[in-house]
$ cat coords21.cif   # mmCIF, C-alpha atoms
data_my_file
loop_
_atom_site.label_atom_id
_atom_site.label_comp_id
_atom_site.auth_asym_id
_atom_site.auth_seq_id
_atom_site.Cartn_x
_atom_site.Cartn_y
_atom_site.Cartn_z
CA MET L 1 0.00 0.00 0.00
CA SER L 2 1.35 3.40 -0.83
CA ALA L 3 2.11 5.94 1.86
CA GLU L 4 -0.69 8.18 0.57
CA ALA L 5 -3.28 5.47 1.07
CA ASN L 6 -2.39 5.37 4.76
CA VAL L 7 -3.16 9.02 5.27
CA ARG L 8 -6.46 10.04 6.78
CA THR L 9 -7.81 13.57 6.74
CA LEU L 10 -9.96 14.66 9.65
CA THR L 11 -10.77 17.78 11.61
CA ILE L 12 -9.93 18.41 15.25
CA ASN L 13 -11.78 21.39 16.72
CA GLY L 14 -12.54 22.55 13.19
CA GLU L 15 -8.89 22.46 12.04
CA GLU L 16 -8.18 20.12 9.16
CA ILE L 17 -5.30 17.73 9.87
CA SER L 18 -3.84 14.58 8.35
CA ALA L 19 -2.82 11.53 10.33
CA ARG L 20 -1.59 8.00 9.65
CA SER L 21 -4.44 5.48 9.49
CA ASP L 22 -3.03 3.54 12.47
CA GLN L 23 -2.90 6.58 14.73
CA SER L 24 -5.30 7.19 17.60
CA ILE L 25 -7.17 10.47 17.92
CA LEU L 26 -4.97 11.21 20.95
CA ASP L 27 -1.73 10.68 18.98
CA ALA L 28 -2.93 12.77 16.07
CA ALA L 29 -4.16 15.57 18.36
CA ARG L 30 -0.92 15.76 20.33
CA GLU L 31 1.11 15.72 17.12
CA HIS L 32 -0.80 18.89 16.20
CA ASN L 33 -0.35 20.47 19.64
CA VAL L 34 -3.94 19.90 20.75
CA GLU L 35 -3.78 18.98 24.43
CA ILE L 36 -6.13 16.26 25.67
CA PRO L 37 -5.83 15.37 29.37
CA THR L 38 -4.86 11.75 30.17
CA LEU L 39 -3.99 9.69 33.21
CA CYS L 40 -3.71 6.00 32.22
CA HIS L 41 -1.97 6.75 28.90
CA LEU L 42 1.82 6.57 28.95
CA GLU L 43 4.16 6.80 25.98
CA GLY L 44 5.73 3.35 25.59
CA LEU L 45 2.83 1.32 27.00
CA SER L 46 -0.26 -0.15 25.34
CA GLU L 47 -3.54 1.79 25.61
CA VAL L 48 -6.39 0.58 27.81
CA GLY L 49 -8.83 3.52 27.90
CA ALA L 50 -9.19 3.09 31.66
CA CYS L 51 -9.19 6.64 33.00
CA ARG L 52 -11.78 8.17 30.63
CA LEU L 53 -10.22 11.63 30.87
CA CYS L 54 -9.43 11.69 27.13
CA LEU L 55 -13.10 11.39 26.13
CA VAL L 56 -13.82 13.43 22.98
CA GLU L 57 -16.87 14.16 20.83
CA VAL L 58 -16.90 12.57 17.39
CA LYS L 59 -19.62 13.83 15.09
CA GLY L 60 -22.10 11.06 14.37
CA ALA L 61 -21.11 8.96 17.41
CA ARG L 62 -23.86 8.64 19.98
CA ARG L 63 -21.52 8.70 22.96
CA LEU L 64 -18.20 10.27 23.89
CA LEU L 65 -15.20 8.20 22.75
CA PRO L 66 -11.83 7.74 24.50
CA ALA L 67 -9.27 9.39 22.21
CA CYS L 68 -6.48 6.96 23.19
CA VAL L 69 -8.20 3.83 21.84
CA THR L 70 -10.16 5.37 18.96
CA GLN L 71 -8.42 5.26 15.59
CA VAL L 72 -8.63 8.18 13.24
CA ALA L 73 -10.89 7.79 10.20
CA GLU L 74 -11.38 9.68 6.95
CA GLY L 75 -13.64 12.70 7.37
CA MET L 76 -13.89 12.32 11.15
CA GLU L 77 -14.94 15.50 12.97
CA VAL L 78 -13.46 15.55 16.47
CA THR L 79 -14.11 18.05 19.27
CA THR L 80 -11.66 17.81 22.15
CA HIS L 81 -12.94 20.68 24.29
CA SER L 82 -16.49 21.92 24.87
CA PRO L 83 -18.42 22.90 27.99
CA LYS L 84 -19.99 19.43 28.03
CA ILE L 85 -16.66 17.55 27.73
CA ASP L 86 -15.01 19.83 30.28
CA ARG L 87 -17.85 19.16 32.72
CA TYR L 88 -17.51 15.39 32.25
CA ARG L 89 -13.74 15.52 32.74
CA THR L 90 -14.04 17.50 35.95
CA MET L 91 -16.70 15.07 37.16
CA ILE L 92 -14.41 12.11 36.42
CA LEU L 93 -11.59 13.81 38.30
CA GLU L 94 -13.88 14.49 41.25
CA MET L 95 -14.82 10.80 41.27
CA TYR L 96 -11.14 9.88 41.51
CA PHE L 97 -10.66 12.15 44.50
CA ALA L 98 -13.88 10.96 46.19
CA GLU L 99 -13.35 7.25 45.58
CA ARG L 100 -10.21 6.74 47.69
CA ASN L 101 -8.30 8.60 50.37
CA HIS L 102 -6.17 11.02 48.37
CA VAL L 103 -5.16 13.27 51.23
CA CYS L 104 -2.67 15.33 49.20
CA SER L 105 -1.20 17.17 52.19
CA VAL L 106 0.10 13.92 53.70
CA CYS L 107 0.98 12.07 50.50
CA VAL L 108 4.54 11.11 49.54
CA ALA L 109 3.81 12.38 46.03
CA ASN L 110 2.49 15.82 47.08
CA GLY L 111 3.86 18.19 44.45
CA ASN L 112 4.89 15.36 42.12
CA CYS L 113 1.52 13.85 41.30
CA GLU L 114 -0.28 13.62 37.96
CA LEU L 115 -3.69 13.55 39.65
CA GLN L 116 -2.87 16.78 41.49
CA ASP L 117 -1.54 18.32 38.25
CA LEU L 118 -4.76 17.37 36.47
CA SER L 119 -6.88 19.15 39.08
CA LEU L 120 -4.91 22.29 38.28
CA GLN L 121 -5.08 21.70 34.52
CA LEU L 122 -8.85 21.05 34.55
CA GLY L 123 -9.56 23.81 37.08
CA MET L 124 -11.05 21.58 39.78
CA THR L 125 -11.03 23.41 43.14
CA HIS L 126 -13.29 21.17 45.19
CA VAL L 127 -15.20 17.90 45.04
CA GLU L 128 -19.02 17.93 44.95
CA ILE L 129 -19.30 14.14 45.09
CA PRO L 130 -19.41 12.78 48.68
CA TYR L 131 -16.09 11.28 49.78
CA GLN L 132 -16.23 7.50 50.27
CA TYR L 133 -13.44 7.00 52.86
CA PRO L 134 -12.85 3.29 52.11
CA GLN L 135 -10.60 1.27 54.41
CA LEU L 136 -7.66 0.26 52.25
CA PRO L 137 -4.38 -1.43 53.10
CA VAL L 138 -0.78 -0.30 52.67
CA ASP L 139 1.67 -3.08 51.79
CA ALA L 140 5.22 -2.24 52.84
CA SER L 141 6.49 -5.84 52.83
CA HIS L 142 8.83 -5.28 49.89
CA PRO L 143 12.31 -4.23 51.06
CA ARG L 144 12.48 -1.23 48.69
CA PHE L 145 8.95 -0.33 47.60
CA THR L 146 5.53 0.34 49.12
CA VAL L 147 2.04 0.13 47.63
CA ASP L 148 -0.55 2.43 49.23
CA HIS L 149 -3.98 1.52 47.84
CA ASN L 150 -5.45 4.73 49.26
CA ARG L 151 -3.69 6.63 46.45
CA CYS L 152 -4.30 4.20 43.58
CA VAL L 153 -6.38 5.38 40.59
CA LEU L 154 -6.39 1.95 38.89
CA CYS L 155 -4.72 3.27 35.74
CA THR L 156 -2.94 -0.14 35.42
CA ARG L 157 0.31 1.45 34.26
CA CYS L 158 2.13 -0.80 36.78
CA VAL L 159 0.38 -3.89 35.42
CA ARG L 160 1.25 -2.98 31.83
CA VAL L 161 4.87 -2.00 32.40
CA CYS L 162 5.47 -5.20 34.41
CA SER L 163 4.02 -7.32 31.64
CA GLU L 164 5.01 -5.42 28.49
CA ILE L 165 8.48 -4.11 29.36
CA GLU L 166 9.83 -6.15 32.27
CA GLY L 167 8.00 -9.36 31.30
CA ALA L 168 7.59 -10.39 34.94
CA ASN L 169 3.78 -10.19 35.14
CA THR L 170 3.91 -9.64 38.89
CA TRP L 171 1.15 -7.03 38.91
CA GLY L 172 -2.47 -7.85 38.20
CA VAL L 173 -5.98 -6.54 38.87
CA MET L 174 -8.50 -8.13 41.23
CA GLY L 175 -12.16 -7.41 42.04
CA ARG L 176 -14.73 -5.22 40.37
CA GLY L 177 -16.16 -1.75 40.89
CA ALA L 178 -15.27 -0.19 44.23
CA ASP L 179 -13.53 -3.45 45.27
CA CYS L 180 -11.07 -3.33 42.39
CA VAL L 181 -7.40 -3.30 43.48
CA VAL L 182 -4.01 -3.96 41.93
CA ILE L 183 -2.32 -7.05 43.35
CA THR L 184 1.11 -8.69 43.30
CA ASP L 185 1.14 -12.34 42.21
CA LEU L 186 -1.95 -14.10 43.62
CA LYS L 187 -2.65 -11.30 46.08
CA GLN L 188 0.41 -12.22 48.11
CA PRO L 189 2.42 -9.59 49.99
CA TRP L 190 4.72 -7.79 47.54
CA GLY L 191 7.72 -8.77 49.65
CA ASP L 192 6.88 -12.49 49.20
CA SER L 193 6.48 -12.23 45.44
CA GLU L 194 8.54 -14.82 43.57
CA THR L 195 8.06 -13.14 40.21
CA CYS L 196 8.98 -9.54 41.14
CA THR L 197 12.49 -8.67 39.92
CA SER L 198 12.56 -5.47 42.05
CA CYS L 199 13.29 -3.48 38.87
CA GLY L 200 11.14 -0.56 40.09
CA LYS L 201 9.57 0.28 36.72
CA CYS L 202 6.08 0.12 38.25
CA VAL L 203 7.11 2.77 40.77
CA GLN L 204 8.50 5.04 38.05
CA VAL L 205 5.34 4.90 35.93
CA CYS L 206 2.81 5.25 38.78
CA PRO L 207 1.14 8.67 38.34
CA THR L 208 0.31 9.14 42.04
CA GLY L 209 1.74 8.22 45.44
CA ALA L 210 0.30 4.68 45.23
CA LEU L 211 3.70 3.16 44.43
CA PHE L 212 6.80 4.71 45.91
CA GLU L 213 10.36 3.98 46.84
CA LYS L 214 10.88 3.85 50.59
CA THR L 215 13.99 6.00 50.41
CA SER L 216 12.41 8.82 48.43
CA VAL L 217 9.44 10.57 49.93
CA GLY L 218 8.26 14.16 49.81
CA SER L 219 10.08 16.44 47.43
CA LYS L 220 12.32 13.56 46.33
CA THR L 221 9.46 11.48 44.87
CA ARG L 222 9.97 12.80 41.38
CA LYS L 223 9.35 9.87 39.06
CA HIS L 224 10.82 9.25 35.63
CA PRO L 225 8.33 7.60 33.29
CA GLU L 226 9.99 9.27 30.29
CA PHE L 227 12.55 6.45 30.03
CA LEU L 228 9.92 4.04 28.69
CA PRO L 229 9.88 4.83 24.96
CA TYR L 230 13.68 4.48 24.83
CA LEU L 231 13.59 1.19 26.69
CA ARG L 232 10.92 -0.06 24.34
CA ILE L 233 12.96 0.89 21.25
CA MET L 234 16.06 -0.80 22.72
CA ARG L 235 14.18 -4.00 23.53
CA GLU L 236 12.66 -4.12 20.07
CA GLY L 237 16.13 -3.64 18.59
CA GLU L 238 17.44 -6.61 20.60
CA GLN L 239 14.62 -8.86 19.46
CA GLY L 240 14.95 -7.82 15.80
CA MET V 1 -20.80 42.86 44.31
CA SER V 2 -21.27 45.77 46.71
CA GLU V 3 -18.48 47.17 48.83
CA ILE V 4 -16.53 44.96 51.22
CA LYS V 5 -16.12 46.60 54.61
CA THR V 6 -16.02 43.81 57.16
CA LEU V 7 -14.03 40.58 57.29
CA ALA V 8 -14.27 37.62 59.65
CA THR V 9 -12.10 34.51 59.91
CA VAL V 10 -13.21 31.27 61.54
CA TRP V 11 -11.20 28.33 62.84
CA LEU V 12 -13.06 24.99 62.81
CA ASP V 13 -11.28 21.60 62.78
CA GLY V 14 -7.90 22.53 61.30
CA CYS V 15 -4.36 23.10 62.49
CA SER V 16 -4.41 26.93 62.24
CA GLY V 17 -1.96 26.69 59.36
CA CYS V 18 -4.33 28.64 57.09
CA HIS V 19 -4.40 31.46 59.64
CA MET V 20 -0.59 31.34 59.78
CA SER V 21 -0.56 31.65 56.01
CA LEU V 22 -2.92 34.63 56.30
CA LEU V 23 -0.44 36.31 58.64
CA ASP V 24 2.32 35.34 56.23
CA MET V 25 1.04 38.09 53.89
CA ASP V 26 3.37 40.33 55.93
CA GLU V 27 3.25 44.02 55.01
CA ARG V 28 0.38 43.41 52.59
CA LEU V 29 -1.77 42.97 55.74
CA ILE V 30 -1.35 46.69 56.42
CA GLU V 31 -2.47 47.55 52.92
CA LEU V 32 -5.50 45.24 53.21
CA SER V 33 -6.45 46.25 56.74
CA SER V 34 -6.83 49.87 55.68
CA GLN V 35 -9.67 48.69 53.42
CA PHE V 36 -11.72 46.58 55.83
CA THR V 37 -12.28 45.88 59.52
CA LEU V 38 -11.56 42.47 61.00
CA VAL V 39 -14.72 42.02 63.07
CA TYR V 40 -14.43 38.41 64.22
CA SER V 41 -11.46 36.04 64.24
CA PRO V 42 -9.22 33.90 66.49
CA LEU V 43 -6.89 36.90 66.07
CA VAL V 44 -9.30 39.41 67.69
CA ASP V 45 -11.21 39.39 70.96
CA ARG V 46 -14.87 39.40 69.93
CA LYS V 47 -16.71 36.31 71.25
CA THR V 48 -19.89 36.25 69.14
CA PHE V 49 -20.28 36.29 65.38
CA PRO V 50 -21.67 39.67 64.23
CA ASP V 51 -25.08 40.00 62.57
CA ARG V 52 -23.73 40.90 59.17
CA VAL V 53 -20.25 40.26 57.78
CA ASP V 54 -19.25 40.92 54.20
CA VAL V 55 -16.54 38.27 53.79
CA THR V 56 -15.89 35.27 56.05
CA LEU V 57 -12.90 32.96 55.61
CA VAL V 58 -13.43 29.50 57.09
CA GLU V 59 -10.48 27.31 57.99
CA GLY V 60 -11.05 23.70 59.00
CA ALA V 61 -13.55 20.90 58.51
CA VAL V 62 -16.86 20.39 60.29
CA ALA V 63 -15.98 17.77 62.91
CA SER V 64 -17.97 18.48 66.10
CA GLU V 65 -21.45 19.56 67.22
CA ASP V 66 -19.92 22.95 67.96
CA ASP V 67 -18.45 23.30 64.45
CA LEU V 68 -21.86 22.43 63.00
CA LYS V 69 -23.66 25.03 65.12
CA LYS V 70 -21.03 27.67 64.35
CA ILE V 71 -20.94 27.16 60.58
CA ARG V 72 -24.74 27.27 60.28
CA LYS V 73 -24.89 30.51 62.21
CA ILE V 74 -21.99 31.94 60.21
CA ARG V 75 -23.63 31.07 56.89
CA GLU V 76 -26.73 32.96 57.97
CA HIS V 77 -24.76 36.11 58.73
CA ALA V 78 -21.99 36.02 56.12
CA ARG V 79 -22.53 37.54 52.71
CA VAL V 80 -19.59 35.79 51.05
CA LEU V 81 -18.40 32.52 52.58
CA VAL V 82 -14.89 31.42 51.59
CA SER V 83 -13.69 27.86 52.22
CA LEU V 84 -10.03 28.40 53.04
CA GLY V 85 -7.69 25.45 52.68
CA ASP V 86 -7.95 21.68 52.28
CA CYS V 87 -9.62 20.89 55.64
CA ALA V 88 -12.57 23.15 54.79
CA LEU V 89 -12.58 21.89 51.18
CA THR V 90 -11.94 18.16 51.52
CA GLY V 91 -11.86 17.30 55.23
CA ASN V 92 -8.14 16.64 54.73
CA VAL V 93 -6.25 15.26 57.76
CA SER V 94 -9.21 16.05 60.04
CA ALA V 95 -11.36 13.63 58.01
CA MET V 96 -8.88 10.76 58.05
CA ARG V 97 -10.73 9.38 61.06
CA ASN V 98 -13.72 8.78 58.77
CA MET V 99 -11.93 5.67 57.52
CA CYS V 100 -12.33 3.98 60.92
CA GLY V 101 -15.00 5.95 62.82
CA VAL V 102 -14.97 7.99 66.07
CA GLN V 103 -14.87 5.19 68.65
CA PRO V 104 -11.63 3.46 67.57
CA VAL V 105 -9.93 6.89 67.49
CA MET V 106 -11.16 7.80 71.01
CA LEU V 107 -10.04 4.42 72.27
CA ARG V 108 -6.61 4.75 70.73
CA VAL V 109 -6.04 8.31 71.93
CA TYR V 110 -7.59 8.33 75.38
CA GLU V 111 -7.66 4.72 76.59
CA GLN V 112 -4.96 2.55 75.08
CA ASN V 113 -1.41 2.96 76.38
CA VAL V 114 -2.24 5.85 78.75
CA LEU V 115 -1.79 5.96 82.53
CA GLN V 116 -5.24 7.35 83.39
CA PRO V 117 -7.62 6.24 80.64
CA GLN V 118 -10.58 8.62 80.27
CA VAL V 119 -12.53 9.92 77.31
CA PRO V 120 -13.13 13.66 77.86
CA THR V 121 -16.82 14.59 77.89
CA VAL V 122 -17.08 17.70 80.10
CA GLY V 123 -16.50 21.12 78.51
CA VAL V 124 -15.72 19.71 75.08
CA PRO V 125 -18.19 19.40 72.20
CA ALA V 126 -19.23 15.92 71.05
CA LEU V 127 -17.56 14.75 67.84
CA LEU V 128 -19.70 14.09 64.79
CA ASP V 129 -19.72 10.53 63.40
CA ARG V 130 -18.22 11.83 60.21
CA VAL V 131 -15.99 14.83 59.51
CA ARG V 132 -17.36 16.79 56.55
CA PRO V 133 -16.09 19.48 54.21
CA VAL V 134 -17.83 22.84 54.76
CA HIS V 135 -19.70 22.77 51.42
CA GLU V 136 -21.38 19.47 52.40
CA VAL V 137 -23.02 21.33 55.28
CA VAL V 138 -23.71 24.87 54.01
CA PRO V 139 -23.40 26.56 50.58
CA VAL V 140 -19.92 27.98 49.93
CA ASP V 141 -19.20 30.87 47.55
CA VAL V 142 -15.43 30.71 47.02
CA PHE V 143 -13.12 27.67 47.22
CA VAL V 144 -9.44 28.18 48.04
CA PRO V 145 -7.45 24.91 47.90
CA GLY V 146 -4.06 24.36 49.50
CA CYS V 147 -2.56 22.97 52.69
CA PRO V 148 -2.19 25.74 53.51
CA PRO V 149 -3.10 28.08 50.62
CA SER V 150 -0.07 30.31 50.06
CA ALA V 151 -0.01 33.89 51.32
CA ASP V 152 0.00 35.00 47.66
CA THR V 153 -3.16 32.99 46.99
CA ILE V 154 -4.95 34.45 50.02
CA TYR V 155 -3.84 37.93 49.00
CA GLN V 156 -5.21 37.38 45.51
CA VAL V 157 -8.56 36.20 46.92
CA LEU V 158 -8.92 39.15 49.32
CA SER V 159 -7.79 41.71 46.73
CA GLU V 160 -10.31 40.44 44.19
CA LEU V 161 -13.11 40.43 46.76
CA LEU V 162 -12.21 43.99 47.75
CA ALA V 163 -12.28 44.96 44.07
CA GLY V 164 -15.85 43.68 43.92
CA LYS V 165 -15.05 40.47 41.99
CA VAL V 166 -15.82 36.86 42.90
CA PRO V 167 -12.42 35.17 42.72
CA THR V 168 -11.96 31.72 41.25
CA LEU V 169 -8.87 29.62 41.85
CA GLU V 170 -9.53 27.26 38.96
CA GLY V 171 -6.17 26.55 37.38
CA VAL V 172 -4.39 28.59 40.08
CA ALA V 173 -4.24 26.40 43.19
CA HIS V 174 -4.63 22.69 43.98
CA PHE V 175 -5.00 20.46 47.05
CA GLY V 176 -1.87 19.74 49.08
#
$ encode --input "coords21.cif" --output "structure tokens"
Amino acid sequence: MSAEANVRTLTINGEEISARSDQSILDAAREHNVEIPTLCHLEGLSEVGACRLCLVEVKGARRLLPACVTQVAEGMEVTTHSPKIDRYRTMILEMYFAERNHVCSVCVANGNCELQDLSLQLGMTHVEIPYQYPQLPVDASHPRFTVDHNRCVLCTRCVRVCSEIEGANTWGVMGRGADCVVITDLKQPWGDSETCTSCGKCVQVCPTGALFEKTSVGSKTRKHPEFLPYLRIMREGEQG
Amino acid sequence: MSEIKTLATVWLDGCSGCHMSLLDMDERLIELSSQFTLVYSPLVDRKTFPDRVDVTLVEGAVASEDDLKKIRKIREHARVLVSLGDCALTGNVSAMRNMCGVQPVMLRVYEQNVLQPQVPTVGVPALLDRVRPVHEVVPVDVFVPGCPPSADTIYQVLSELLAGKVPTLEGVAHFG
């Protein structure tokens, strides 16, 4: 197939753009400097459409579509920002804050948190949804790392990086709805995990204070998820 | 909005950090205080909330029967009610007891591992079952996130109110 045949022409917020046929709306938008907020998306990992923050309007579609898992199509008319979408995004963010115990002031990631950054980006100043205050455990059994379920947003970045990059498959997801949690092995303490290689990639990609290194709390929690695309390219090079 | 002449500040269940941040405005306090009168506050001596106050800043969450009574009365008499800081906005640290309830906390603090176990009941207000953000109890007009909100943020809020605007901190300040 020729290169031209792979090109799709669409509009994003009324601007005509061209994108490769295998690109997602999110990819195409960011390539053209249109910012769409995301939380579960991370360059270098597969897309799952879990966080719903990248929902966009596509003309003709009866519901909002997640930009990260929706491929571009010829003639598509996409709207990334409107009062309705902004309202939904803020509502989703409020649900994140209300669902678990994100007490920013006493979080190891305070000041280095993507959830906190999003509240600034989306202009959320308070939460209208009643806080749930669930009782959730903290597992500090691993010698170097801790998982604090109070801070988890279930983005599954840890699950994906462990499977797709490290190949250890230590992390998984258990339960449904409000009972959903990330687990290590068969819900064994992280410290007892036989599959965990202690590589720490899950900690680096975690957007909040749910996964952190015991030695770096507070202002030192700065994480480095930007290494992923390079690692991915290197791994692919080795295999090829 | 009509002219702002009187200001009140209230301290519910919080650590007083928001009031410290207010004082942290330094010399800007002099500039601001020439424009309004501080009629009720932990920083002044008046014991009862006045009948009519233009702007009221509330620090802290609603955690006790006393907080509840106070905030309802304040809402009635305040023209503009400002939730100041994370405790007022989210419950914050004050609300962390909601995860386990009042009784286990009382037990842990006043009965376990102490020489003379006793839960105080005389002269102190009863705690509510659940600590709540201010806006879950009464309508709030302005939300100022931060633990504490910075002196610059508080200055911005007060300056805008004095200029007759309703400030919004969307995209300016966040929790924590």
$ resolve_selection --input "coords21.cif" --expression "the PyMOL selection byres ((chain V) within 7 of (chain L))" --output "compact mmCIF listing (two decimals) with C-alpha atoms, in the coordinates of the input"
# COMPACT_ATOMS: atom_id res chain seq x y z
CA LEU V 89 -12.58 21.89 51.18
CA ASN V 92 -8.14 16.64 54.73
CA VAL V 93 -6.25 15.26 57.76
CA ASN V 98 -13.72 8.78 58.77
CA MET V 99 -11.93 5.67 57.52
CA PHE V 143 -13.12 27.67 47.22
CA PRO V 145 -7.45 24.91 47.90
CA CYS V 147 -2.56 22.97 52.69
CA LEU V 169 -8.87 29.62 41.85
CA GLU V 170 -9.53 27.26 38.96
CA GLY V 171 -6.17 26.55 37.38
CA VAL V 172 -4.39 28.59 40.08
CA ALA V 173 -4.24 26.40 43.19
CA HIS V 174 -4.63 22.69 43.98
CA PHE V 175 -5.00 20.46 47.05
CA GLY V 176 -1.87 19.74 49.08
$ residues_around --input "coords21.cif" --residues "region 169-185 of chain L" --least-positions-apart "5" --cutoff "9 Å" --atoms "all atoms listed in the file" --output "MDAnalysis selection string"
chainID L and resid 99 134 149 152 154 156 158:164 190 193:197 202
$ residues_around --input "coords21.cif" --residues "Ala28 (chain L)" --least-positions-apart "2" --cutoff "12 Å" --atoms "all atoms listed in the file" --output "MDAnalysis selection string"
chainID L and resid 7:12 16:26 30:36 67:73 78 80
$ write_last_selection --input "coords21.cif" --atoms "C-alpha atoms" --output "tab-separated table (two decimals), keeping the file's coordinate frame"
chain	number	residue	atom	x	y	z
L	7	VAL	CA	-3.16	9.02	5.27
L	8	ARG	CA	-6.46	10.04	6.78
L	9	THR	CA	-7.81	13.57	6.74
L	10	LEU	CA	-9.96	14.66	9.65
L	11	THR	CA	-10.77	17.78	11.61
L	12	ILE	CA	-9.93	18.41	15.25
L	16	GLU	CA	-8.18	20.12	9.16
L	17	ILE	CA	-5.30	17.73	9.87
L	18	SER	CA	-3.84	14.58	8.35
L	19	ALA	CA	-2.82	11.53	10.33
L	20	ARG	CA	-1.59	8.00	9.65
L	21	SER	CA	-4.44	5.48	9.49
L	22	ASP	CA	-3.03	3.54	12.47
L	23	GLN	CA	-2.90	6.58	14.73
L	24	SER	CA	-5.30	7.19	17.60
L	25	ILE	CA	-7.17	10.47	17.92
L	26	LEU	CA	-4.97	11.21	20.95
L	30	ARG	CA	-0.92	15.76	20.33
L	31	GLU	CA	1.11	15.72	17.12
L	32	HIS	CA	-0.80	18.89	16.20
L	33	ASN	CA	-0.35	20.47	19.64
L	34	VAL	CA	-3.94	19.90	20.75
L	35	GLU	CA	-3.78	18.98	24.43
L	36	ILE	CA	-6.13	16.26	25.67
L	67	ALA	CA	-9.27	9.39	22.21
L	68	CYS	CA	-6.48	6.96	23.19
L	69	VAL	CA	-8.20	3.83	21.84
L	70	THR	CA	-10.16	5.37	18.96
L	71	GLN	CA	-8.42	5.26	15.59
L	72	VAL	CA	-8.63	8.18	13.24
L	73	ALA	CA	-10.89	7.79	10.20
L	78	VAL	CA	-13.46	15.55	16.47
L	80	THR	CA	-11.66	17.81	22.15
$ atom_distance --input "coords21.cif" --atom1 "CA of Ala88 (chain V)" --atom2 "CA of Ser64 (chain V)"
13.4 Å
$ atom_distance --input "coords21.cif" --atom1 "CA of Met95 (chain L)" --atom2 "CA of His135 (chain V)"
16.4 Å
$ atom_distance --input "coords21.cif" --atom1 "CA of Glu65 (chain V)" --atom2 "CA of Ala126 (chain V)"
5.7 Å
$ resolve_selection --input "coords21.cif" --expression "the PyMOL selection byres ((chain V and resi 37-43) around 9)" --output "ChimeraX atom specification"
/V:5-11,19,33-36,44-50,53,56
$ resolve_selection --input "coords21.cif" --expression "the PyMOL selection byres ((chain V and resi 153-160) around 9)" --output "CSV table (one decimal) with C-alpha atoms, keeping the file's coordinate frame"
chain,number,residue,atom,x,y,z
V,21,SER,CA,-0.6,31.6,56.0
V,22,LEU,CA,-2.9,34.6,56.3
V,25,MET,CA,1.0,38.1,53.9
V,28,ARG,CA,0.4,43.4,52.6
V,29,LEU,CA,-1.8,43.0,55.7
V,32,LEU,CA,-5.5,45.2,53.2
V,55,VAL,CA,-16.5,38.3,53.8
V,84,LEU,CA,-10.0,28.4,53.0
V,142,VAL,CA,-15.4,30.7,47.0
V,144,VAL,CA,-9.4,28.2,48.0
V,149,PRO,CA,-3.1,28.1,50.6
V,150,SER,CA,-0.1,30.3,50.1
V,151,ALA,CA,0.0,33.9,51.3
V,152,ASP,CA,0.0,35.0,47.7
V,161,LEU,CA,-13.1,40.4,46.8
V,162,LEU,CA,-12.2,44.0,47.8
V,163,ALA,CA,-12.3,45.0,44.1
V,164,GLY,CA,-15.8,43.7,43.9
V,165,LYS,CA,-15.0,40.5,42.0
V,166,VAL,CA,-15.8,36.9,42.9
V,167,PRO,CA,-12.4,35.2,42.7
V,168,THR,CA,-12.0,31.7,41.2
V,169,LEU,CA,-8.9,29.6,41.8
V,172,VAL,CA,-4.4,28.6,40.1
V,173,ALA,CA,-4.2,26.4,43.2
$ axis_aligned_box --input "coords21.cif" --around "region 53-68 of chain L" --padding-each-side "8 Å" --output "AutoDock Vina command-line options"
--center_x -15.2 --center_y 10.6 --center_z 22.6 --size_x 33.4 --size_y 23.2 --size_z 32.5
$ residues_around --input "coords21.cif" --residues "region 14-16 of chain V" --least-positions-apart "6" --cutoff "7 Å" --atoms "all atoms listed in the file" --output "list of chain:residue names"
V:Glu59, V:Gly60, V:Ala61, V:Cys87, V:Ser94
$ write_last_selection --input "coords21.cif" --atoms "C-alpha atoms" --output "CSV table (one decimal), in the coordinates of the input"
chain,number,residue,atom,x,y,z
V,59,GLU,CA,-10.5,27.3,58.0
V,60,GLY,CA,-11.0,23.7,59.0
V,61,ALA,CA,-13.6,20.9,58.5
V,87,CYS,CA,-9.6,20.9,55.6
V,94,SER,CA,-9.2,16.0,60.0
$ residues_around --input "coords21.cif" --residues "Val62 (chain V)" --least-positions-apart "5" --cutoff "6 Å" --atoms "all atoms listed in the file" --output "MDAnalysis selection string"
chainID V and resid 67 131:132
